[in-house]
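Data block for structure-v4.txt (compact mmCIF, C-alpha atoms and all ligand atoms):
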```txt
# COMPACT_ATOMS: atom_id res chain seq x y z
CA MET A 117 14.71 -9.12 -36.15
CA GLU A 118 13.09 -6.14 -34.61
CA ARG A 119 9.29 -6.39 -34.71
CA ILE A 120 6.57 -3.74 -35.00
CA ILE A 121 3.57 -4.62 -32.86
CA LEU A 122 0.46 -2.50 -32.66
CA HIS A 123 -2.16 -2.70 -29.90
CA ILE A 124 -5.56 -1.12 -30.41
CA ASP A 125 -8.30 -0.65 -27.82
CA MET A 126 -11.57 1.18 -28.43
CA ASP A 127 -12.41 4.08 -26.11
CA ALA A 128 -15.28 3.48 -23.65
CA PHE A 129 -16.50 1.02 -26.22
CA PHE A 130 -20.16 0.25 -25.38
CA ALA A 131 -20.80 3.82 -24.24
CA SER A 132 -19.19 5.31 -27.36
CA VAL A 133 -21.40 3.19 -29.61
CA GLU A 134 -24.48 4.56 -27.81
CA GLN A 135 -23.20 8.13 -28.05
CA ARG A 136 -22.58 7.61 -31.74
CA ASP A 137 -26.12 6.32 -32.27
CA HIS A 138 -27.89 8.89 -30.06
CA GLU A 139 -26.95 12.48 -30.57
CA GLU A 140 -28.62 13.43 -27.30
CA TYR A 141 -26.13 11.27 -25.32
CA ARG A 142 -23.03 13.00 -26.70
CA GLY A 143 -20.94 14.96 -24.24
CA LYS A 144 -22.96 13.47 -21.37
CA PRO A 145 -22.20 10.86 -18.76
CA VAL A 146 -23.47 7.50 -20.07
CA ILE A 147 -23.33 4.41 -17.90
CA ILE A 148 -23.97 0.93 -19.30
CA GLY A 149 -24.57 -2.20 -17.30
CA GLY A 150 -27.05 -4.21 -15.27
CA LEU A 151 -29.79 -1.88 -14.11
CA GLY A 152 -31.26 -4.15 -11.43
CA PRO A 153 -30.42 -3.78 -7.74
CA ARG A 154 -27.44 -6.13 -8.07
CA GLY A 155 -26.26 -4.91 -11.44
CA VAL A 156 -22.69 -3.91 -12.17
CA VAL A 157 -21.27 -1.32 -14.53
CA SER A 158 -20.00 -2.68 -17.86
CA THR A 159 -18.53 0.63 -18.87
CA ALA A 160 -18.93 4.36 -18.47
CA SER A 161 -18.34 7.19 -20.93
CA TYR A 162 -15.35 9.40 -20.18
CA GLU A 163 -17.80 12.10 -18.99
CA ALA A 164 -19.06 9.66 -16.34
CA ARG A 165 -15.55 8.57 -15.35
CA LYS A 166 -14.92 12.08 -14.01
CA PHE A 167 -17.43 11.21 -11.30
CA GLY A 168 -15.42 8.14 -10.34
CA VAL A 169 -17.60 5.64 -12.19
CA HIS A 170 -15.80 2.66 -13.75
CA SER A 171 -16.28 -0.88 -15.08
CA ALA A 172 -17.16 -3.61 -12.59
CA MET A 173 -18.45 -1.15 -9.99
CA PRO A 174 -21.85 -1.96 -8.44
CA MET A 175 -24.53 0.00 -10.26
CA VAL A 176 -25.86 1.38 -6.94
CA THR A 177 -22.48 3.04 -6.35
CA ALA A 178 -22.49 4.45 -9.88
CA ARG A 179 -25.98 5.89 -9.33
CA ARG A 180 -24.82 7.52 -6.12
CA ARG A 181 -21.72 9.02 -7.72
CA CYS A 182 -23.39 10.21 -10.88
CA PRO A 183 -27.16 10.35 -10.40
CA ASP A 184 -27.78 12.46 -13.51
CA ALA A 185 -26.08 10.06 -15.90
CA ILE A 186 -27.92 8.28 -18.71
CA PHE A 187 -28.24 4.65 -17.59
CA LEU A 188 -28.59 1.98 -20.29
CA PRO A 189 -28.76 -1.83 -20.23
CA GLY A 190 -26.65 -2.03 -23.40
CA ASP A 191 -27.17 -3.96 -26.60
CA HIS A 192 -24.57 -6.70 -26.81
CA ALA A 193 -25.59 -7.96 -30.24
CA LYS A 194 -25.00 -4.48 -31.59
CA TYR A 195 -21.58 -4.23 -29.92
CA SER A 196 -20.57 -7.64 -31.31
CA ALA A 197 -21.58 -6.50 -34.78
CA VAL A 198 -19.55 -3.28 -34.41
CA SER A 199 -16.64 -5.33 -33.10
CA ARG A 200 -16.70 -7.53 -36.18
CA GLN A 201 -16.75 -4.42 -38.34
CA ILE A 202 -13.70 -3.04 -36.50
CA PHE A 203 -11.75 -6.26 -36.91
CA SER A 204 -12.56 -6.42 -40.60
CA VAL A 205 -11.08 -2.92 -40.97
CA LEU A 206 -7.97 -4.06 -39.07
CA ALA A 207 -7.66 -7.11 -41.30
CA ARG A 208 -6.80 -4.81 -44.19
CA PHE A 209 -3.68 -3.65 -42.34
CA SER A 210 -2.18 -6.97 -41.34
CA PRO A 211 -2.88 -10.65 -41.83
CA VAL A 212 -1.57 -11.32 -38.33
CA ILE A 213 -4.21 -10.17 -35.83
CA GLU A 214 -4.83 -11.49 -32.35
CA GLN A 215 -8.17 -10.47 -30.93
CA LEU A 216 -8.01 -10.15 -27.15
CA SER A 217 -11.56 -9.09 -26.41
CA ILE A 218 -14.56 -7.47 -28.02
CA ASP A 219 -12.73 -4.15 -28.48
CA GLU A 220 -9.03 -4.92 -28.28
CA GLY A 221 -6.35 -6.66 -30.29
CA PHE A 222 -2.75 -6.92 -31.44
CA LEU A 223 -1.50 -6.55 -35.02
CA ASP A 224 1.92 -7.67 -36.14
CA LEU A 225 3.13 -5.09 -38.67
CA THR A 226 6.65 -6.43 -39.00
CA GLY A 227 7.82 -6.39 -42.58
CA MET A 228 5.17 -3.91 -43.62
CA GLU A 229 7.16 -0.82 -42.73
CA ARG A 230 7.83 -0.14 -46.39
CA LEU A 231 4.11 0.44 -46.96
CA MET A 232 4.11 3.41 -44.58
CA ASP A 233 6.49 6.21 -43.65
CA SER A 234 6.80 5.25 -40.02
CA PRO A 235 5.20 3.24 -37.24
CA ARG A 236 3.38 6.40 -36.20
CA ALA A 237 1.95 6.80 -39.71
CA TYR A 238 0.66 3.25 -39.44
CA GLY A 239 -1.04 4.01 -36.14
CA GLU A 240 -2.59 7.14 -37.59
CA ALA A 241 -3.84 5.33 -40.69
CA ILE A 242 -5.46 2.59 -38.62
CA LYS A 243 -7.12 5.04 -36.23
CA ARG A 244 -8.42 7.05 -39.18
CA ALA A 245 -9.81 4.00 -40.98
CA VAL A 246 -11.60 2.81 -37.84
CA ARG A 247 -13.00 6.29 -37.21
CA GLU A 248 -14.18 6.80 -40.76
CA GLU A 249 -15.83 3.42 -41.04
CA THR A 250 -17.33 3.02 -37.59
CA GLY A 251 -17.57 6.58 -36.27
CA LEU A 252 -15.64 5.54 -33.16
CA THR A 253 -12.30 6.48 -31.65
CA ALA A 254 -9.63 4.02 -30.64
CA SER A 255 -6.39 4.30 -28.72
CA VAL A 256 -3.33 2.79 -30.29
CA GLY A 257 0.13 1.82 -29.10
CA VAL A 258 3.01 0.86 -31.38
CA ALA A 259 6.13 -0.78 -29.98
CA PRO A 260 8.63 -3.60 -30.56
CA ASN A 261 6.55 -6.09 -28.55
CA LYS A 262 3.16 -6.89 -27.04
CA PHE A 263 3.93 -5.75 -23.51
CA LEU A 264 5.07 -2.29 -24.60
CA ALA A 265 2.38 -1.91 -27.27
CA LYS A 266 -0.42 -2.56 -24.79
CA LEU A 267 1.15 -0.23 -22.26
CA ALA A 268 1.46 2.44 -24.95
CA SER A 269 -2.17 2.26 -26.09
CA ASP A 270 -3.25 2.96 -22.53
CA MET A 271 -0.98 5.96 -21.98
CA GLU A 272 -2.99 8.65 -23.75
CA LYS A 273 -6.52 7.30 -23.66
CA PRO A 274 -8.96 8.33 -25.10
CA ASP A 275 -8.08 8.83 -28.79
CA GLY A 276 -4.42 8.25 -27.98
CA LEU A 277 -1.50 7.28 -30.16
CA VAL A 278 1.78 6.47 -28.45
CA VAL A 279 4.86 4.99 -30.10
CA ILE A 280 7.54 3.45 -27.90
CA ARG A 281 10.80 2.99 -29.75
CA PRO A 282 13.08 0.17 -28.57
CA GLU A 283 15.70 2.64 -27.34
CA ASP A 284 13.09 4.50 -25.25
CA ALA A 285 11.57 1.45 -23.58
CA GLU A 286 13.58 1.44 -20.34
CA ARG A 287 13.16 5.16 -19.82
CA VAL A 288 9.39 4.95 -20.28
CA LEU A 289 9.10 1.93 -18.00
CA ALA A 290 11.36 3.09 -15.17
CA PRO A 291 8.90 5.28 -13.20
CA LEU A 292 5.89 2.96 -13.58
CA PRO A 293 4.74 0.79 -10.66
CA VAL A 294 5.60 -2.92 -10.94
CA SER A 295 1.86 -3.68 -11.14
CA ARG A 296 1.89 -2.41 -14.74
CA ILE A 297 3.85 -5.52 -15.75
CA PHE A 298 1.36 -8.11 -17.01
CA GLY A 299 1.15 -11.09 -14.73
CA VAL A 300 1.99 -9.03 -11.66
CA GLY A 301 -1.18 -9.29 -9.59
CA LYS A 302 -1.81 -8.10 -6.06
CA LYS A 303 0.12 -11.01 -4.51
CA THR A 304 3.30 -10.61 -6.55
CA GLU A 305 3.10 -6.86 -6.16
CA ALA A 306 3.03 -7.24 -2.37
CA ARG A 307 6.00 -9.64 -2.43
CA LEU A 308 7.99 -7.33 -4.68
CA SER A 309 7.15 -4.40 -2.49
CA ALA A 310 8.38 -6.31 0.57
CA LEU A 311 11.67 -6.84 -1.26
CA GLY A 312 11.89 -3.10 -1.92
CA PHE A 313 10.77 -3.09 -5.56
CA LYS A 314 8.03 -0.58 -6.19
CA THR A 315 8.88 0.70 -9.66
CA ILE A 316 9.84 -1.15 -12.80
CA GLY A 317 13.10 0.82 -12.83
CA GLN A 318 14.07 -0.60 -9.46
CA LEU A 319 13.51 -4.10 -10.85
CA THR A 320 16.04 -3.61 -13.63
CA ALA A 321 18.71 -3.24 -10.99
CA ALA A 322 17.56 -6.32 -9.06
CA ASP A 323 19.97 -9.03 -8.11
CA ARG A 324 18.75 -11.98 -10.15
CA SER A 325 19.50 -14.70 -7.62
CA ARG A 326 17.90 -12.78 -4.77
CA LEU A 327 14.74 -12.32 -6.82
CA ALA A 328 14.82 -16.00 -7.85
CA ARG A 329 15.00 -17.09 -4.20
CA ALA A 330 11.85 -15.11 -3.46
CA LEU A 331 9.80 -15.79 -6.59
CA GLY A 332 11.34 -18.78 -8.33
CA ASP A 333 13.72 -18.85 -11.28
CA ARG A 334 11.23 -18.50 -14.08
CA MET A 335 9.29 -15.65 -12.60
CA ALA A 336 12.49 -13.78 -11.73
CA ALA A 337 13.89 -14.15 -15.24
CA GLN A 338 10.61 -13.07 -16.79
CA LEU A 339 10.22 -10.04 -14.56
CA ILE A 340 13.72 -8.81 -15.20
CA ALA A 341 13.30 -9.19 -18.96
CA LEU A 342 9.99 -7.35 -18.94
CA ALA A 343 11.42 -4.61 -16.72
CA HIS A 344 14.01 -4.07 -19.48
CA GLY A 345 11.16 -3.88 -22.00
CA LEU A 346 11.87 -7.31 -23.51
CA ASP A 347 9.02 -9.63 -24.45
CA ASP A 348 9.18 -12.16 -27.25
CA ARG A 349 5.63 -13.51 -27.22
CA PRO A 350 4.35 -13.77 -30.78
CA VAL A 351 1.08 -12.26 -31.99
CA GLU A 352 -1.07 -15.34 -32.32
CA PRO A 353 -3.82 -14.96 -34.89
CA THR A 354 -7.24 -15.85 -33.55
CA ARG A 355 -10.43 -16.27 -35.40
CA ALA A 356 -13.01 -13.90 -33.92
CA ALA A 357 -12.85 -15.14 -30.36
CA GLN A 358 -16.02 -13.55 -29.12
CA SER A 359 -19.18 -15.17 -27.98
CA ILE A 360 -22.78 -14.11 -27.83
CA GLY A 361 -24.35 -14.44 -24.44
CA ARG A 362 -26.98 -13.22 -22.06
CA GLU A 363 -27.09 -13.44 -18.33
CA GLU A 364 -29.49 -12.37 -15.68
CA THR A 365 -28.87 -11.48 -12.06
CA PHE A 366 -31.97 -11.94 -9.95
CA ALA A 367 -33.31 -9.35 -7.56
CA GLU A 368 -34.18 -12.28 -5.31
CA ASP A 369 -32.38 -15.61 -5.38
CA ILE A 370 -34.20 -18.40 -7.22
CA HIS A 371 -34.81 -21.55 -5.21
CA SER A 372 -36.87 -23.59 -7.65
CA ARG A 373 -35.02 -25.50 -10.34
CA GLU A 374 -38.08 -25.38 -12.58
CA GLU A 375 -38.12 -21.63 -12.41
CA ALA A 376 -34.41 -21.64 -13.21
CA GLU A 377 -35.09 -23.75 -16.29
CA ARG A 378 -37.73 -21.31 -17.47
CA VAL A 379 -35.15 -18.54 -17.21
CA LEU A 380 -32.66 -20.68 -19.14
CA LEU A 381 -35.25 -21.09 -21.88
CA SER A 382 -35.76 -17.37 -22.19
CA LEU A 383 -31.99 -16.71 -22.16
CA SER A 384 -31.49 -19.42 -24.80
CA GLU A 385 -34.16 -17.87 -26.99
CA GLU A 386 -32.46 -14.54 -26.81
CA VAL A 387 -29.03 -15.98 -27.56
CA GLY A 388 -30.47 -17.98 -30.47
CA TRP A 389 -32.14 -14.96 -31.92
CA ARG A 390 -29.02 -12.84 -31.67
CA LEU A 391 -26.95 -15.57 -33.30
CA ARG A 392 -29.35 -15.85 -36.19
CA ARG A 393 -29.65 -12.11 -36.53
CA GLU A 394 -25.86 -11.95 -36.94
CA GLY A 395 -25.86 -14.87 -39.34
CA LEU A 396 -23.83 -16.95 -36.91
CA SER A 397 -23.97 -20.34 -35.30
CA ALA A 398 -22.03 -21.76 -32.39
CA ARG A 399 -20.04 -24.87 -31.64
CA THR A 400 -20.02 -24.29 -27.89
CA VAL A 401 -22.77 -23.52 -25.40
CA THR A 402 -21.76 -22.31 -21.96
CA LEU A 403 -23.90 -22.25 -18.85
CA LYS A 404 -22.99 -19.82 -16.09
CA LEU A 405 -24.35 -20.30 -12.61
CA ARG A 406 -23.88 -18.21 -9.52
CA PHE A 407 -25.07 -19.36 -6.14
CA ALA A 408 -25.50 -16.97 -3.25
CA PRO A 409 -23.27 -15.34 -2.18
CA PHE A 410 -20.62 -15.38 -4.94
CA ASP A 411 -19.77 -18.92 -6.02
CA THR A 412 -19.71 -18.81 -9.79
CA TYR A 413 -19.42 -21.82 -12.07
CA THR A 414 -19.35 -22.31 -15.80
CA ARG A 415 -19.98 -25.54 -17.69
CA GLN A 416 -19.56 -26.04 -21.43
CA GLN A 417 -20.74 -28.35 -24.13
CA THR A 418 -19.17 -28.49 -27.58
CA PHE A 419 -21.02 -29.82 -30.60
CA PRO A 420 -19.69 -31.46 -33.75
CA ASP A 421 -22.29 -29.46 -35.72
CA PRO A 422 -22.78 -25.79 -34.93
CA VAL A 423 -26.13 -24.73 -33.47
CA SER A 424 -28.17 -21.57 -33.72
CA TYR A 425 -31.69 -22.69 -32.88
CA ASP A 426 -33.25 -21.86 -29.51
CA GLU A 427 -34.21 -25.44 -28.73
CA ASP A 428 -30.69 -26.78 -29.33
CA ILE A 429 -29.13 -24.07 -27.21
CA PHE A 430 -31.73 -24.60 -24.51
CA ALA A 431 -31.31 -28.39 -24.57
CA ALA A 432 -27.57 -27.97 -24.00
CA ALA A 433 -27.99 -25.34 -21.27
CA ARG A 434 -30.61 -27.44 -19.50
CA ALA A 435 -28.53 -30.62 -19.67
CA LEU A 436 -25.56 -28.76 -18.21
CA PHE A 437 -27.82 -27.30 -15.52
CA ARG A 438 -29.32 -30.68 -14.62
CA ALA A 439 -25.88 -32.18 -14.30
CA PHE A 440 -24.94 -29.51 -11.78
CA PRO A 441 -26.11 -30.14 -8.22
CA SER A 442 -27.09 -27.05 -6.20
CA PRO A 443 -25.15 -26.68 -2.98
CA PRO A 444 -27.59 -27.47 -0.13
CA GLY A 445 -29.76 -24.49 0.74
CA ALA A 446 -28.09 -22.14 -1.75
CA GLY A 447 -30.29 -20.00 -3.94
CA ILE A 448 -29.37 -19.20 -7.51
CA ARG A 449 -28.31 -15.62 -7.92
CA LEU A 450 -27.36 -15.52 -11.56
CA LEU A 451 -27.89 -17.59 -14.67
CA GLY A 452 -26.23 -17.09 -18.02
CA VAL A 453 -26.20 -18.79 -21.39
CA SER A 454 -23.64 -18.03 -24.03
CA ALA A 455 -22.73 -19.34 -27.43
CA GLY A 456 -19.07 -19.43 -28.40
CA ASN A 457 -16.74 -20.83 -31.01
CA LEU A 458 -18.78 -18.98 -33.58
CA CYS A 459 -18.92 -19.57 -37.28
CA THR A 460 -20.93 -18.10 -40.10
CA GLU A 461 -24.08 -19.90 -41.07
CA GLY A 462 -22.64 -21.07 -44.37
CA GLU A 463 -20.63 -23.57 -42.37
CA LEU A 464 -23.80 -25.10 -40.94
CA SER A 465 -24.09 -28.76 -41.65
CA LEU A 466 -27.48 -30.01 -42.69
CA PHE A 467 -29.23 -32.09 -40.14
CA ASP A 468 -32.35 -34.00 -41.12
CA ASP A 469 -34.86 -31.51 -39.92
CA HIS A 470 -32.75 -28.53 -40.89
CA GLU A 471 -35.18 -27.25 -43.46
CA LYS A 472 -38.18 -27.54 -41.16
CA LYS A 473 -36.38 -25.69 -38.40
CA GLU A 474 -35.18 -23.06 -40.80
CA LYS A 475 -38.76 -22.27 -41.82
CA LEU A 476 -39.99 -22.19 -38.25
CA TYR A 477 -37.19 -19.93 -37.03
CA GLY A 478 -37.43 -17.78 -40.11
CA ALA A 479 -41.02 -17.05 -39.14
CA ILE A 480 -40.15 -16.48 -35.48
CA ASP A 481 -37.33 -14.13 -36.36
CA ARG A 482 -39.49 -12.12 -38.72
CA LEU A 483 -42.00 -11.60 -35.91
CA LYS A 484 -39.24 -10.69 -33.50
CA SER A 485 -37.77 -8.10 -35.83
CA ARG A 486 -41.20 -6.60 -36.40
CA PHE A 487 -42.55 -6.61 -32.87
CA GLY A 488 -39.46 -6.78 -30.68
CA GLU A 489 -37.55 -9.48 -28.96
CA ASN A 490 -40.15 -10.26 -26.30
CA ILE A 491 -43.10 -10.99 -28.54
CA LEU A 492 -42.79 -14.78 -28.43
CA THR A 493 -40.81 -15.39 -25.29
CA ARG A 494 -43.73 -14.96 -22.92
CA ALA A 495 -45.90 -17.46 -24.73
CA ALA A 496 -43.13 -20.04 -24.80
CA LEU A 497 -42.53 -19.56 -21.09
CA THR A 498 -46.10 -20.27 -20.13
CA LYS A 499 -45.98 -23.55 -22.03
CA PRO A 500 -42.86 -25.47 -20.95
CA LYS A 501 -41.46 -27.58 -23.74
CA ASP A 502 -41.65 -31.37 -23.63
CA GLU A 503 -38.70 -33.36 -22.39
CA PRO A 504 -36.49 -34.71 -25.17
P1 LIG A 601 -12.49 -2.04 -21.98
O1 LIG A 601 -11.68 -1.84 -23.21
O2 LIG A 601 -11.81 -2.56 -20.77
O3 LIG A 601 -13.16 -0.66 -21.55
P2 LIG A 601 -13.77 0.49 -22.46
O4 LIG A 601 -13.54 0.24 -23.90
O5 LIG A 601 -15.20 0.67 -22.06
O6 LIG A 601 -12.98 1.78 -21.98
P3 LIG A 601 -11.45 2.15 -22.25
O7 LIG A 601 -10.86 1.05 -23.06
O8 LIG A 601 -11.50 3.45 -23.01
O9 LIG A 601 -10.84 2.29 -20.92
O10 LIG A 601 -13.70 -2.98 -22.27
C1 LIG A 601 -14.39 -3.00 -23.51
C2 LIG A 601 -15.86 -3.23 -23.30
O11 LIG A 601 -16.07 -4.45 -22.61
C3 LIG A 601 -16.53 -2.17 -22.46
O12 LIG A 601 -16.98 -1.06 -23.22
C4 LIG A 601 -17.66 -2.90 -21.82
C5 LIG A 601 -17.16 -4.33 -21.70
N1 LIG A 601 -16.74 -4.60 -20.32
C6 LIG A 601 -17.67 -5.17 -19.46
O13 LIG A 601 -18.80 -5.49 -19.83
N2 LIG A 601 -17.29 -5.40 -18.14
C7 LIG A 601 -16.06 -5.05 -17.66
O14 LIG A 601 -15.77 -5.25 -16.46
C8 LIG A 601 -15.11 -4.46 -18.57
C9 LIG A 601 -13.74 -4.06 -18.09
C10 LIG A 601 -15.50 -4.27 -19.87
MG MG A 602 -11.67 -0.27 -24.60
```
Would you give me this structure, written as structure tokens?
Ligand code: TTP
Ligand code: MG
Amino acid sequence: MERIILHIDMDAFFASVEQRDHEEYRGKPVIIGGLGPRGVVSTASYEARKFGVHSAMPMVTARRRCPDAIFLPGDHAKYSAVSRQIFSVLARFSPVIEQLSIDEGFLDLTGMERLMDSPRAYGEAIKRAVREETGLTASVGVAPNKFLAKLASDMEKPDGLVVIRPEDAERVLAPLPVSRIFGVGKKTEARLSALGFKTIGQLTAADRSRLARALGDRMAAQLIALAHGLDDRPVEPTRAAQSIGREETFAEDIHSREEAERVLLSLSEEVGWRLRREGLSARTVTLKLRFAPFDTYTRQQTFPDPVSYDEDIFAAARALFRAFPSPPGAGIRLLGVSAGNLCTEGELSLFDDHEKKEKLYGAIDRLKSRFGENILTRAALTKPKDEP
């Protein structure tokens, strides 16, 4: 049966939220990311992209290219909350939703065509609902499968809506570079190029056995199918797959493990507070570690009972940290703590001291909301907690 798959991706997501919330940022270049000397750009508004600023670029480069932009550290708890709001709007349109990231997902609309005039009408209705309820624009692609739907949502960004009908797929794909096929990274692209395949159209004419000799049977079969616009991966419903995390890149590498643990405490406190503010708790705590120059590691712990209190998050992060030996002589460049596998607090199981903790953190959180996130962190940092 022919399917109708819709892919939606918010436009310049973090930056658009800030422009929505601050009239004075609208129409201006806004750049969000780490503002320290080693920071990187998370995203840039479309106004800033004209200056060649984009995600994952070092912030120093962004500052050079667009010195007059508005630079912001971003507010991840806010973006997660907006993301949840977006996905609850989408949930009204289909029970089959696969969330790919904080601002992007697939909907399977197969069988629902009778509720709307056309696939395009569906795309319009979804864009309108998201805009009316969040004040933000999204780009949408509608197509018979995931590969084409994702390609389509990217074709007229921002505020785009592109429908690829099955009979148009090959024509749309033909001129595109092979790198637009998902799974074709730099390496495969180079090998395909060496074989004379630069565009997807050229791949449709490929001799299957020649391609299989170069890339293996499976890869060859997959590439040829995708080049013809065929992709039968199902939309796999996810429960909100996001996590809440905080990381810090240091202006100077940290060499003392005690100092690192103090940073972990402050990161854990922030993650805990954001979780509680969102009414969430987490089954997984992840520690991220980067040693100079760029060796990055993550370690995870999963709990039978979800956690949302600073001390539980910190205990997990610290245990993961202590179990991880520093490479000799290497300084720590980045530390991060994140909470994943989220659930709403109602699912919290009651541990013995649950009530006591709830009172304590209730008080802490009231202070934090009144006086700002940093009010209690400093005090806690000057008085390291006892070992468990
Ligand atoms: P994207 O959807 O990749 O980017 P975008 O929404 O900012 O812009 P557009 O889709 O219009 O091209 O990512 C969504 C958000 O995820 C983005 O606003 C910020 C965050 N992000 C990062 O923090 N780091 C990154 O490297 C990328 C790509 C995204
Ligand atoms: Mg986006």
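You can rank A:Gly456, A:Pro291, A:Gly221, A:Pro282 by their closest distance to ligand MG 602 (chain A) using only C-alpha atoms and all ligand atoms, and at the top of that list sits A:Gly221.
Coordinates place CA of Glu305 (chain A) at a distance of 24.9 Å from CA of Val169 (chain A).
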Practice prompt. For ligand LIG 601 (chain A), collect every residue having any atom at a distance of at most 6 Å from a ligand atom (counting only C-alpha atoms and all ligand atoms); output as a list in words.
Written response: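 My answer, listing the contacting residues, is Asp125, Met126, Asp127, Ala128, Phe129, Phe130, Ser158, Thr159, Ser171, Ala172, Asp219 and Pro274 of chain A.
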Discussion item. Within 10 Å of (-33.9, -28.8, -11.1) (file coordinates; all atoms listed in the file), which protein or nucleic acid residues are there? I'd like them as a list in words.
Written reply: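 Here the neighbourhood of the point contains His371, Ser372, Arg373, Glu374, Glu375, Ala376, Glu377, Arg434, Phe437, Arg438, Ala439, Phe440, Pro441 and Ser442 of chain A.
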Item to complete: Skip Ala336 (chain A) itself and residues of its chain fewer than 4 positions away, then list as a PyMOL selection string all residues within 12 Å of it, counting all atoms listed in the file.
Response: chain A and resi 300+304+308+319-320+322-332+340-343
Worksheet item: Which is closest to Ser255 (chain A) among A:His123, A:His138, A:Arg154, A:Arg415, if we use all atoms listed in the file?
Response: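 The closest residue to Ser255 (chain A) is A:His123.
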Worksheet item: Leaving out Arg180 (chain A) and any residue of its chain fewer than 5 positions from it, which residues lie within 12 Å of it when counting all atoms listed in the file, given as number ranges by chain?
Response: A: 164, 167-169, 173-175, 185
Worksheet entry | Proximity to ligand MG 602 (chain A) - best of A:Pro420, A:Pro443, A:Pro350, A:Gly276, all atoms listed in the file |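 Once distances to ligand MG 602 (chain A) are computed over all atoms listed in the file, the minimum belongs to A:Gly276.
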Worksheet, complete the sentence: Separating CA of Asp481 (chain A) from CA of Trp389 (chain A), to the nearest tenth of an Å, is a gap of 6.9 Å
